[in-house]
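Pasted below: structure_23.tsv, TSV, N, CA and C atoms.
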chain	number	residue	atom	x	y	z
E	9	MET	N	0.85	-1.17	0.00
E	9	MET	CA	0.00	0.00	0.00
E	9	MET	C	0.89	1.23	0.00
E	10	ILE	N	0.52	2.21	-0.77
E	10	ILE	CA	1.30	3.45	-0.87
E	10	ILE	C	0.46	4.58	-0.30
E	11	GLN	N	0.99	5.22	0.73
E	11	GLN	CA	0.26	6.32	1.34
E	11	GLN	C	0.36	7.55	0.46
E	12	ALA	N	-0.71	8.31	0.39
E	12	ALA	CA	-0.72	9.50	-0.45
E	12	ALA	C	-1.24	10.69	0.32
E	13	HIS	N	-0.68	11.83	0.02
E	13	HIS	CA	-1.18	13.10	0.53
E	13	HIS	C	-1.58	13.88	-0.69
E	14	VAL	N	-2.84	14.25	-0.76
E	14	VAL	CA	-3.37	14.85	-1.97
E	14	VAL	C	-3.78	16.28	-1.71
E	15	LYS	N	-3.28	17.18	-2.53
E	15	LYS	CA	-3.70	18.58	-2.47
E	15	LYS	C	-4.51	18.87	-3.71
E	16	THR	N	-5.64	19.48	-3.52
E	16	THR	CA	-6.50	19.81	-4.64
E	16	THR	C	-6.38	21.29	-4.94
E	17	GLN	N	-7.31	21.80	-5.74
E	17	GLN	CA	-7.26	23.20	-6.13
E	17	GLN	C	-7.26	24.12	-4.92
E	18	ASN	N	-7.90	23.73	-3.87
E	18	ASN	CA	-7.93	24.53	-2.65
E	18	ASN	C	-6.77	24.07	-1.77
E	19	PRO	N	-5.70	24.89	-1.64
E	19	PRO	CA	-4.53	24.48	-0.88
E	19	PRO	C	-4.82	24.14	0.57
E	20	SER	N	-5.93	24.59	1.12
E	20	SER	CA	-6.22	24.29	2.51
E	20	SER	C	-6.76	22.88	2.69
E	21	GLN	N	-7.15	22.24	1.60
E	21	GLN	CA	-7.67	20.89	1.70
E	21	GLN	C	-6.51	19.90	1.59
E	22	LEU	N	-6.45	18.95	2.50
E	22	LEU	CA	-5.44	17.91	2.43
E	22	LEU	C	-6.12	16.58	2.69
E	23	PHE	N	-6.04	15.69	1.74
E	23	PHE	CA	-6.65	14.39	1.88
E	23	PHE	C	-5.56	13.37	2.11
E	24	HIS	N	-5.79	12.40	2.98
E	24	HIS	CA	-4.87	11.30	3.18
E	24	HIS	C	-5.49	10.11	2.48
E	25	CYS	N	-4.79	9.61	1.46
E	25	CYS	CA	-5.34	8.57	0.62
E	25	CYS	C	-4.35	7.41	0.51
E	26	SER	N	-4.81	6.34	-0.09
E	26	SER	CA	-3.95	5.20	-0.34
E	26	SER	C	-4.12	4.76	-1.77
E	27	LEU	N	-2.99	4.58	-2.45
E	27	LEU	CA	-3.02	3.94	-3.76
E	27	LEU	C	-2.55	2.53	-3.52
E	28	THR	N	-3.26	1.58	-4.00
E	28	THR	CA	-2.87	0.20	-3.77
E	28	THR	C	-3.14	-0.63	-5.00
E	29	SER	N	-2.31	-1.62	-5.23
E	29	SER	CA	-2.49	-2.48	-6.39
E	29	SER	C	-3.57	-3.51	-6.13
E	30	SER	N	-4.02	-3.59	-4.92
E	30	SER	CA	-5.04	-4.56	-4.57
E	30	SER	C	-6.43	-3.96	-4.71
E	31	ILE	N	-7.28	-4.60	-5.48
E	31	ILE	CA	-8.65	-4.12	-5.68
E	31	ILE	C	-9.45	-4.23	-4.40
E	32	ARG	N	-9.04	-5.11	-3.50
E	32	ARG	CA	-9.82	-5.30	-2.27
E	32	ARG	C	-9.73	-4.13	-1.32
E	33	SER	N	-8.84	-3.19	-1.56
E	33	SER	CA	-8.73	-2.03	-0.69
E	33	SER	C	-10.00	-1.20	-0.78
E	34	SER	N	-10.54	-0.84	0.36
E	34	SER	CA	-11.79	-0.08	0.33
E	34	SER	C	-11.75	1.11	1.28
E	35	HIS	N	-10.57	1.68	1.48
E	35	HIS	CA	-10.47	2.86	2.35
E	35	HIS	C	-11.32	3.98	1.78
E	36	LYS	N	-12.04	4.67	2.64
E	36	LYS	CA	-12.88	5.78	2.21
E	36	LYS	C	-12.06	6.85	1.50
E	37	SER	N	-10.86	7.15	2.04
E	37	SER	CA	-10.03	8.18	1.43
E	37	SER	C	-9.52	7.74	0.07
E	38	ASN	N	-9.23	6.46	-0.10
E	38	ASN	CA	-8.83	5.92	-1.38
E	38	ASN	C	-9.95	6.14	-2.39
E	39	HIS	N	-11.16	5.89	-1.96
E	39	HIS	CA	-12.33	6.10	-2.81
E	39	HIS	C	-12.46	7.57	-3.19
E	40	SER	N	-12.20	8.47	-2.25
E	40	SER	CA	-12.31	9.90	-2.51
E	40	SER	C	-11.32	10.34	-3.59
E	41	LEU	N	-10.08	9.87	-3.50
E	41	LEU	CA	-9.07	10.21	-4.50
E	41	LEU	C	-9.50	9.71	-5.86
E	42	PHE	N	-9.85	8.45	-5.95
E	42	PHE	CA	-10.23	7.90	-7.24
E	42	PHE	C	-11.55	8.46	-7.75
E	43	SER	N	-12.44	8.82	-6.86
E	43	SER	CA	-13.69	9.45	-7.29
E	43	SER	C	-13.40	10.78	-7.98
E	44	ARG	N	-12.50	11.54	-7.40
E	44	ARG	CA	-12.14	12.84	-7.99
E	44	ARG	C	-11.43	12.65	-9.34
E	45	ILE	N	-10.50	11.70	-9.40
E	45	ILE	CA	-9.80	11.42	-10.65
E	45	ILE	C	-10.78	10.91	-11.71
E	46	ALA	N	-11.74	10.08	-11.30
E	46	ALA	CA	-12.74	9.57	-12.24
E	46	ALA	C	-13.55	10.72	-12.83
E	47	LEU	N	-13.95	11.66	-11.99
E	47	LEU	CA	-14.71	12.81	-12.47
E	47	LEU	C	-13.87	13.62	-13.46
E	48	LEU	N	-12.61	13.84	-13.13
E	48	LEU	CA	-11.73	14.61	-14.02
E	48	LEU	C	-11.42	13.86	-15.31
E	49	SER	N	-11.48	12.54	-15.27
E	49	SER	CA	-11.20	11.76	-16.49
E	49	SER	C	-12.31	11.88	-17.53
E	50	ASN	N	-13.44	12.43	-17.14
E	50	ASN	CA	-14.53	12.64	-18.09
E	50	ASN	C	-14.32	13.87	-18.95
E	51	GLN	N	-13.35	14.68	-18.60
E	51	GLN	CA	-13.03	15.84	-19.42
E	51	GLN	C	-12.18	15.38	-20.61
E	52	GLN	N	-12.12	16.19	-21.62
E	52	GLN	CA	-11.36	15.84	-22.82
E	52	GLN	C	-9.89	16.23	-22.67
E	53	GLN	N	-9.31	15.89	-21.52
E	53	GLN	CA	-7.91	16.20	-21.23
E	53	GLN	C	-7.27	14.98	-20.57
E	54	TRP	N	-5.93	15.02	-20.46
E	54	TRP	CA	-5.17	13.92	-19.92
E	54	TRP	C	-5.14	13.92	-18.40
E	55	LEU	N	-4.95	12.73	-17.83
E	55	LEU	CA	-4.62	12.53	-16.42
E	55	LEU	C	-3.16	12.10	-16.43
E	56	LEU	N	-2.28	12.96	-15.96
E	56	LEU	CA	-0.85	12.69	-16.05
E	56	LEU	C	-0.29	12.22	-14.71
E	57	PHE	N	0.48	11.14	-14.74
E	57	PHE	CA	1.21	10.64	-13.59
E	57	PHE	C	2.69	10.86	-13.90
E	58	THR	N	3.40	11.56	-13.04
E	58	THR	CA	4.82	11.77	-13.29
E	58	THR	C	5.56	10.44	-13.09
E	59	ALA	N	6.77	10.37	-13.62
E	59	ALA	CA	7.56	9.14	-13.53
E	59	ALA	C	7.87	8.76	-12.08
E	60	GLU	N	7.87	9.74	-11.19
E	60	GLU	CA	8.20	9.49	-9.79
E	60	GLU	C	7.02	8.97	-8.97
E	61	THR	N	5.87	8.79	-9.59
E	61	THR	CA	4.69	8.31	-8.87
E	61	THR	C	4.40	6.86	-9.18
E	62	PRO	N	3.74	6.19	-8.25
E	62	PRO	CA	3.31	4.81	-8.53
E	62	PRO	C	2.22	4.82	-9.60
E	63	ARG	N	2.17	3.78	-10.38
E	63	ARG	CA	1.16	3.67	-11.43
E	63	ARG	C	0.11	2.66	-11.00
E	64	PRO	N	-1.13	3.09	-10.79
E	64	PRO	CA	-2.18	2.13	-10.43
E	64	PRO	C	-2.49	1.23	-11.62
E	65	GLU	N	-2.92	0.03	-11.32
E	65	GLU	CA	-3.27	-0.92	-12.37
E	65	GLU	C	-4.54	-0.47	-13.08
E	66	ALA	N	-4.65	-0.84	-14.36
E	66	ALA	CA	-5.84	-0.50	-15.14
E	66	ALA	C	-7.10	-1.04	-14.48
E	67	SER	N	-7.02	-2.22	-13.89
E	67	SER	CA	-8.20	-2.79	-13.24
E	67	SER	C	-8.65	-1.92	-12.06
E	68	GLN	N	-7.70	-1.35	-11.37
E	68	GLN	CA	-8.02	-0.47	-10.24
E	68	GLN	C	-8.68	0.81	-10.75
E	69	LEU	N	-8.15	1.37	-11.83
E	69	LEU	CA	-8.74	2.57	-12.41
E	69	LEU	C	-10.17	2.30	-12.89
E	70	ARG	N	-10.35	1.18	-13.59
E	70	ARG	CA	-11.69	0.83	-14.10
E	70	ARG	C	-12.68	0.63	-12.95
E	71	LYS	N	-12.21	0.04	-11.86
E	71	LYS	CA	-13.08	-0.19	-10.70
E	71	LYS	C	-13.69	1.12	-10.20
E	72	HIS	N	-12.92	2.19	-10.32
E	72	HIS	CA	-13.37	3.51	-9.86
E	72	HIS	C	-13.90	4.37	-11.00
E	73	ASN	N	-14.17	3.75	-12.15
E	73	ASN	CA	-14.73	4.43	-13.32
E	73	ASN	C	-13.84	5.54	-13.86
E	74	VAL	N	-12.53	5.33	-13.78
E	74	VAL	CA	-11.59	6.27	-14.38
E	74	VAL	C	-11.43	5.88	-15.85
E	75	CYS	N	-11.51	6.85	-16.73
E	75	CYS	CA	-11.33	6.60	-18.16
E	75	CYS	C	-9.84	6.33	-18.41
E	76	CYS	N	-9.48	5.06	-18.55
E	76	CYS	CA	-8.08	4.65	-18.68
E	76	CYS	C	-7.43	5.18	-19.96
E	77	GLU	N	-8.21	5.48	-20.96
E	77	GLU	CA	-7.67	5.97	-22.22
E	77	GLU	C	-7.05	7.36	-22.08
E	78	ARG	N	-7.35	8.03	-21.00
E	78	ARG	CA	-6.83	9.39	-20.80
E	78	ARG	C	-5.70	9.45	-19.78
E	79	VAL	N	-5.26	8.29	-19.31
E	79	VAL	CA	-4.20	8.23	-18.30
E	79	VAL	C	-2.85	8.05	-18.98
E	80	ILE	N	-1.89	8.89	-18.62
E	80	ILE	CA	-0.53	8.79	-19.14
E	80	ILE	C	0.44	8.75	-17.96
E	81	HIS	N	1.30	7.74	-17.95
E	81	HIS	CA	2.38	7.68	-16.97
E	81	HIS	C	3.63	8.14	-17.71
E	82	MET	N	4.11	9.31	-17.36
E	82	MET	CA	5.20	9.93	-18.11
E	82	MET	C	6.53	9.27	-17.82
E	83	LYS	N	7.44	9.37	-18.78
E	83	LYS	CA	8.80	8.87	-18.61
E	83	LYS	C	9.61	9.89	-17.83
E	84	PRO	N	10.65	9.43	-17.14
E	84	PRO	CA	11.48	10.39	-16.38
E	84	PRO	C	12.22	11.34	-17.32
E	85	SER	N	12.41	12.54	-16.86
E	85	SER	CA	13.14	13.54	-17.63
E	85	SER	C	14.60	13.54	-17.20
E	86	GLN	N	15.49	13.67	-18.16
E	86	GLN	CA	16.91	13.76	-17.84
E	86	GLN	C	17.33	15.22	-17.70
E	87	VAL	N	16.40	16.13	-18.01
E	87	VAL	CA	16.73	17.56	-18.02
E	87	VAL	C	15.96	18.33	-16.95
E	88	CYS	N	14.69	18.06	-16.78
E	88	CYS	CA	13.83	18.85	-15.90
E	88	CYS	C	13.56	18.14	-14.57
E	89	SER	N	13.36	18.94	-13.53
E	89	SER	CA	12.94	18.40	-12.24
E	89	SER	C	11.47	18.01	-12.34
E	90	GLU	N	11.02	17.22	-11.40
E	90	GLU	CA	9.61	16.84	-11.38
E	90	GLU	C	8.71	18.06	-11.25
E	91	ALA	N	9.10	19.02	-10.42
E	91	ALA	CA	8.31	20.24	-10.26
E	91	ALA	C	8.20	21.00	-11.58
E	92	GLU	N	9.29	21.07	-12.33
E	92	GLU	CA	9.28	21.75	-13.62
E	92	GLU	C	8.39	21.01	-14.62
E	93	ILE	N	8.41	19.70	-14.57
E	93	ILE	CA	7.55	18.91	-15.45
E	93	ILE	C	6.09	19.19	-15.14
E	94	VAL	N	5.74	19.22	-13.85
E	94	VAL	CA	4.36	19.51	-13.45
E	94	VAL	C	3.97	20.91	-13.91
E	95	LYS	N	4.85	21.87	-13.71
E	95	LYS	CA	4.56	23.24	-14.13
E	95	LYS	C	4.31	23.31	-15.63
E	96	ARG	N	5.16	22.67	-16.41
E	96	ARG	CA	4.98	22.67	-17.86
E	96	ARG	C	3.68	21.99	-18.27
E	97	ALA	N	3.34	20.91	-17.58
E	97	ALA	CA	2.09	20.20	-17.88
E	97	ALA	C	0.88	21.10	-17.60
E	98	ILE	N	0.93	21.82	-16.50
E	98	ILE	CA	-0.16	22.74	-16.17
E	98	ILE	C	-0.29	23.81	-17.23
E	99	LEU	N	0.84	24.42	-17.59
E	99	LEU	CA	0.84	25.51	-18.56
E	99	LEU	C	0.42	25.06	-19.96
E	100	SER	N	0.58	23.78	-20.26
E	100	SER	CA	0.19	23.27	-21.59
E	100	SER	C	-1.33	23.22	-21.75
E	101	ARG	N	-2.04	23.22	-20.63
E	101	ARG	CA	-3.51	23.14	-20.62
E	101	ARG	C	-4.04	21.84	-21.23
E	102	ASN	N	-3.22	20.80	-21.23
E	102	ASN	CA	-3.63	19.51	-21.79
E	102	ASN	C	-4.06	18.51	-20.74
E	103	ALA	N	-3.96	18.87	-19.46
E	103	ALA	CA	-4.27	17.93	-18.39
E	103	ALA	C	-5.37	18.46	-17.48
E	104	SER	N	-6.29	17.59	-17.12
E	104	SER	CA	-7.29	17.96	-16.13
E	104	SER	C	-6.76	17.66	-14.73
E	105	ALA	N	-5.81	16.71	-14.64
E	105	ALA	CA	-5.20	16.37	-13.35
E	105	ALA	C	-3.79	15.88	-13.56
E	106	ILE	N	-2.95	16.17	-12.58
E	106	ILE	CA	-1.57	15.71	-12.59
E	106	ILE	C	-1.29	15.09	-11.23
E	107	VAL	N	-0.77	13.86	-11.25
E	107	VAL	CA	-0.40	13.18	-10.01
E	107	VAL	C	1.12	13.20	-9.96
E	108	ALA	N	1.65	13.82	-8.91
E	108	ALA	CA	3.10	13.95	-8.73
E	108	ALA	C	3.49	13.42	-7.35
E	109	SER	N	4.78	13.19	-7.17
E	109	SER	CA	5.24	12.69	-5.87
E	109	SER	C	5.32	13.83	-4.86
E	110	ASN	N	5.28	13.47	-3.60
E	110	ASN	CA	5.41	14.49	-2.57
E	110	ASN	C	6.87	14.76	-2.25
E	111	ASN	N	7.77	14.34	-3.14
E	111	ASN	CA	9.20	14.68	-3.02
E	111	ASN	C	9.41	16.15	-3.37
E	112	ILE	N	8.44	16.75	-4.01
E	112	ILE	CA	8.49	18.17	-4.34
E	112	ILE	C	8.33	18.94	-3.03
E	113	SER	N	9.10	19.99	-2.85
E	113	SER	CA	9.06	20.75	-1.59
E	113	SER	C	7.66	21.31	-1.33
E	114	GLN	N	7.36	21.54	-0.07
E	114	GLN	CA	6.05	22.09	0.32
E	114	GLN	C	5.81	23.43	-0.36
E	115	PHE	N	6.84	24.25	-0.45
E	115	PHE	CA	6.71	25.55	-1.10
E	115	PHE	C	6.34	25.37	-2.57
E	116	GLU	N	7.06	24.49	-3.28
E	116	GLU	CA	6.75	24.27	-4.70
E	116	GLU	C	5.37	23.64	-4.87
E	117	GLN	N	5.00	22.74	-3.96
E	117	GLN	CA	3.66	22.14	-4.03
E	117	GLN	C	2.60	23.22	-3.97
E	118	ALA	N	2.75	24.15	-3.03
E	118	ALA	CA	1.77	25.24	-2.89
E	118	ALA	C	1.73	26.09	-4.15
E	119	GLN	N	2.90	26.38	-4.72
E	119	GLN	CA	2.96	27.17	-5.95
E	119	GLN	C	2.29	26.43	-7.11
E	120	LEU	N	2.52	25.13	-7.21
E	120	LEU	CA	1.92	24.34	-8.29
E	120	LEU	C	0.40	24.23	-8.14
E	121	VAL	N	-0.06	24.09	-6.91
E	121	VAL	CA	-1.51	24.04	-6.66
E	121	VAL	C	-2.14	25.37	-7.08
E	122	LYS	N	-1.50	26.47	-6.72
E	122	LYS	CA	-2.01	27.80	-7.08
E	122	LYS	C	-2.04	27.97	-8.61
E	123	LEU	N	-0.96	27.58	-9.27
E	123	LEU	CA	-0.89	27.67	-10.73
E	123	LEU	C	-1.95	26.78	-11.37
E	124	ALA	N	-2.10	25.57	-10.86
E	124	ALA	CA	-3.09	24.64	-11.41
E	124	ALA	C	-4.50	25.22	-11.31
E	125	THR	N	-4.79	25.87	-10.20
E	125	THR	CA	-6.10	26.49	-10.02
E	125	THR	C	-6.37	27.54	-11.10
E	126	GLN	N	-5.35	28.30	-11.43
E	126	GLN	CA	-5.48	29.33	-12.46
E	126	GLN	C	-5.73	28.73	-13.84
E	127	TYR	N	-5.27	27.50	-14.05
E	127	TYR	CA	-5.39	26.85	-15.36
E	127	TYR	C	-6.42	25.72	-15.37
E	128	GLN	N	-7.34	25.72	-14.41
E	128	GLN	CA	-8.40	24.73	-14.32
E	128	GLN	C	-7.86	23.30	-14.36
E	129	CYS	N	-6.86	23.05	-13.54
E	129	CYS	CA	-6.23	21.74	-13.43
E	129	CYS	C	-6.13	21.41	-11.94
E	130	GLU	N	-6.01	20.14	-11.61
E	130	GLU	CA	-5.81	19.74	-10.22
E	130	GLU	C	-4.52	18.96	-10.11
E	131	VAL	N	-3.82	19.17	-9.01
E	131	VAL	CA	-2.57	18.48	-8.76
E	131	VAL	C	-2.72	17.65	-7.49
E	132	PHE	N	-2.32	16.40	-7.57
E	132	PHE	CA	-2.36	15.47	-6.44
E	132	PHE	C	-0.92	15.07	-6.13
E	133	PHE	N	-0.54	15.07	-4.86
E	133	PHE	CA	0.80	14.69	-4.45
E	133	PHE	C	0.72	13.40	-3.66
E	134	VAL	N	1.44	12.38	-4.11
E	134	VAL	CA	1.40	11.06	-3.46
E	134	VAL	C	2.79	10.67	-2.99
E	135	SER	N	2.84	9.84	-1.98
E	135	SER	CA	4.11	9.38	-1.45
E	135	SER	C	4.78	8.44	-2.44
E	136	SER	N	6.06	8.59	-2.61
E	136	SER	CA	6.81	7.69	-3.48
E	136	SER	C	7.86	6.93	-2.70
E	137	GLU	N	7.71	6.87	-1.38
E	137	GLU	CA	8.71	6.23	-0.52
E	137	GLU	C	8.71	4.71	-0.66
E	138	GLN	N	7.58	4.13	-0.99
E	138	GLN	CA	7.50	2.69	-1.09
E	138	GLN	C	7.63	2.27	-2.54
E	139	ASP	N	7.62	0.98	-2.76
E	139	ASP	CA	7.75	0.45	-4.13
E	139	ASP	C	6.60	0.91	-5.00
E	140	ARG	N	6.90	1.02	-6.28
E	140	ARG	CA	5.89	1.42	-7.25
E	140	ARG	C	4.86	0.31	-7.42
E	141	ILE	N	3.70	0.71	-7.85
E	141	ILE	CA	2.63	-0.24	-8.15
E	141	ILE	C	2.83	-0.72	-9.57
E	142	HIS	N	2.77	-2.02	-9.79
E	142	HIS	CA	2.91	-2.57	-11.14
E	142	HIS	C	1.65	-3.28	-11.56

Take the structure I supplied and represent it as structure tokens, if you would.
Amino acid sequence: MIQAHVKTQNPSQLFHCSLTSSIRSSHKSNHSLFSRIALLSNQQQWLLFTAETPRPEASQLRKHNVCCERVIHMKPSQVCSEAEIVKRAILSRNASAIVASNNISQFEQAQLVKLATQYQCEVFFVSSEQDRIH
């Protein structure tokens, strides 16, 4: 199980969620995260997962009615930091949501959340301390 801390458009909101490769997980907070991502997946934009984040299984996404065709797990950048990648993704206006690791500093997280709000995007920060989901 991978613990997640999720910040939405409103920086004062902090959700504690779990991403897990097991479909049997039924944490209420896990449901809240995936419910929000499912809603955002109905937009004609991408759901981006940075390379530093765990990738949930397609079966897990489908269980929560996430449109899997709009999910992209990005490759690691050899040039840009994760924060810079998130910023560029927000500015491109091609994503309704971006899932990034919480390795990004608290200050940068707050800045990215603020920027995302201005561009009608949501940013979620998840723990990357444990093994990735395969």

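Minimum distance to Phe57 of chain E across E:Ser109, E:Asn73, E:Thr125, E:Asn102 (counting all atoms listed in the file) occurs at E:Ser109.
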
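Atom CA of Asn111 of chain E is found 28.2 Å from atom CA of Asn50 of chain E.
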
Have a look at atom CA of Gln53 of chain E and atom C of Ser113 of chain E and let me know their distance in Å, one decimal.
25.8 Å

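Note that the spacing between atom C of Gln114 of chain E and atom N of Leu41 of chain E amounts to 21.1 Å.
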
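With all atoms listed in the file as the basis for measurement, E:Gln128 is the residue among E:Thr58, E:Ser43, E:Gln128, E:Gln117 that approaches Ser104 of chain E most closely.
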
Which one of E:Cys76, E:Met82, E:Ala46, E:Ile106 sits closest to Ala59 of chain E if you count all atoms listed in the file?
E:Met82

Quick check for you: according to DSSP on this backbone, which residues of segment 69-116 of chain E are classed as strand (DSSP E)? Reply as a PyMOL selection string.
chain E and resi 79-81+103-109

Hey, what does DSSP flag as helix (DSSP H, G or I) within segment 46-103 of chain E? Can you give it to me as a list in words?
Ala46, Leu47, Leu48, Ala66, Ser67, Gln68, Leu69, Arg70, Lys71, Cys76, Glu77, Arg78, Glu90, Ala91, Glu92, Ile93, Val94, Lys95, Arg96, Ala97, Ile98, Leu99 and Ser100 of chain E

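The residue that comes closest to Leu55 of chain E, out of E:Ser85, E:Arg78, E:Leu123, E:Ser67 and on the basis of only N, CA and C atoms, is E:Arg78.
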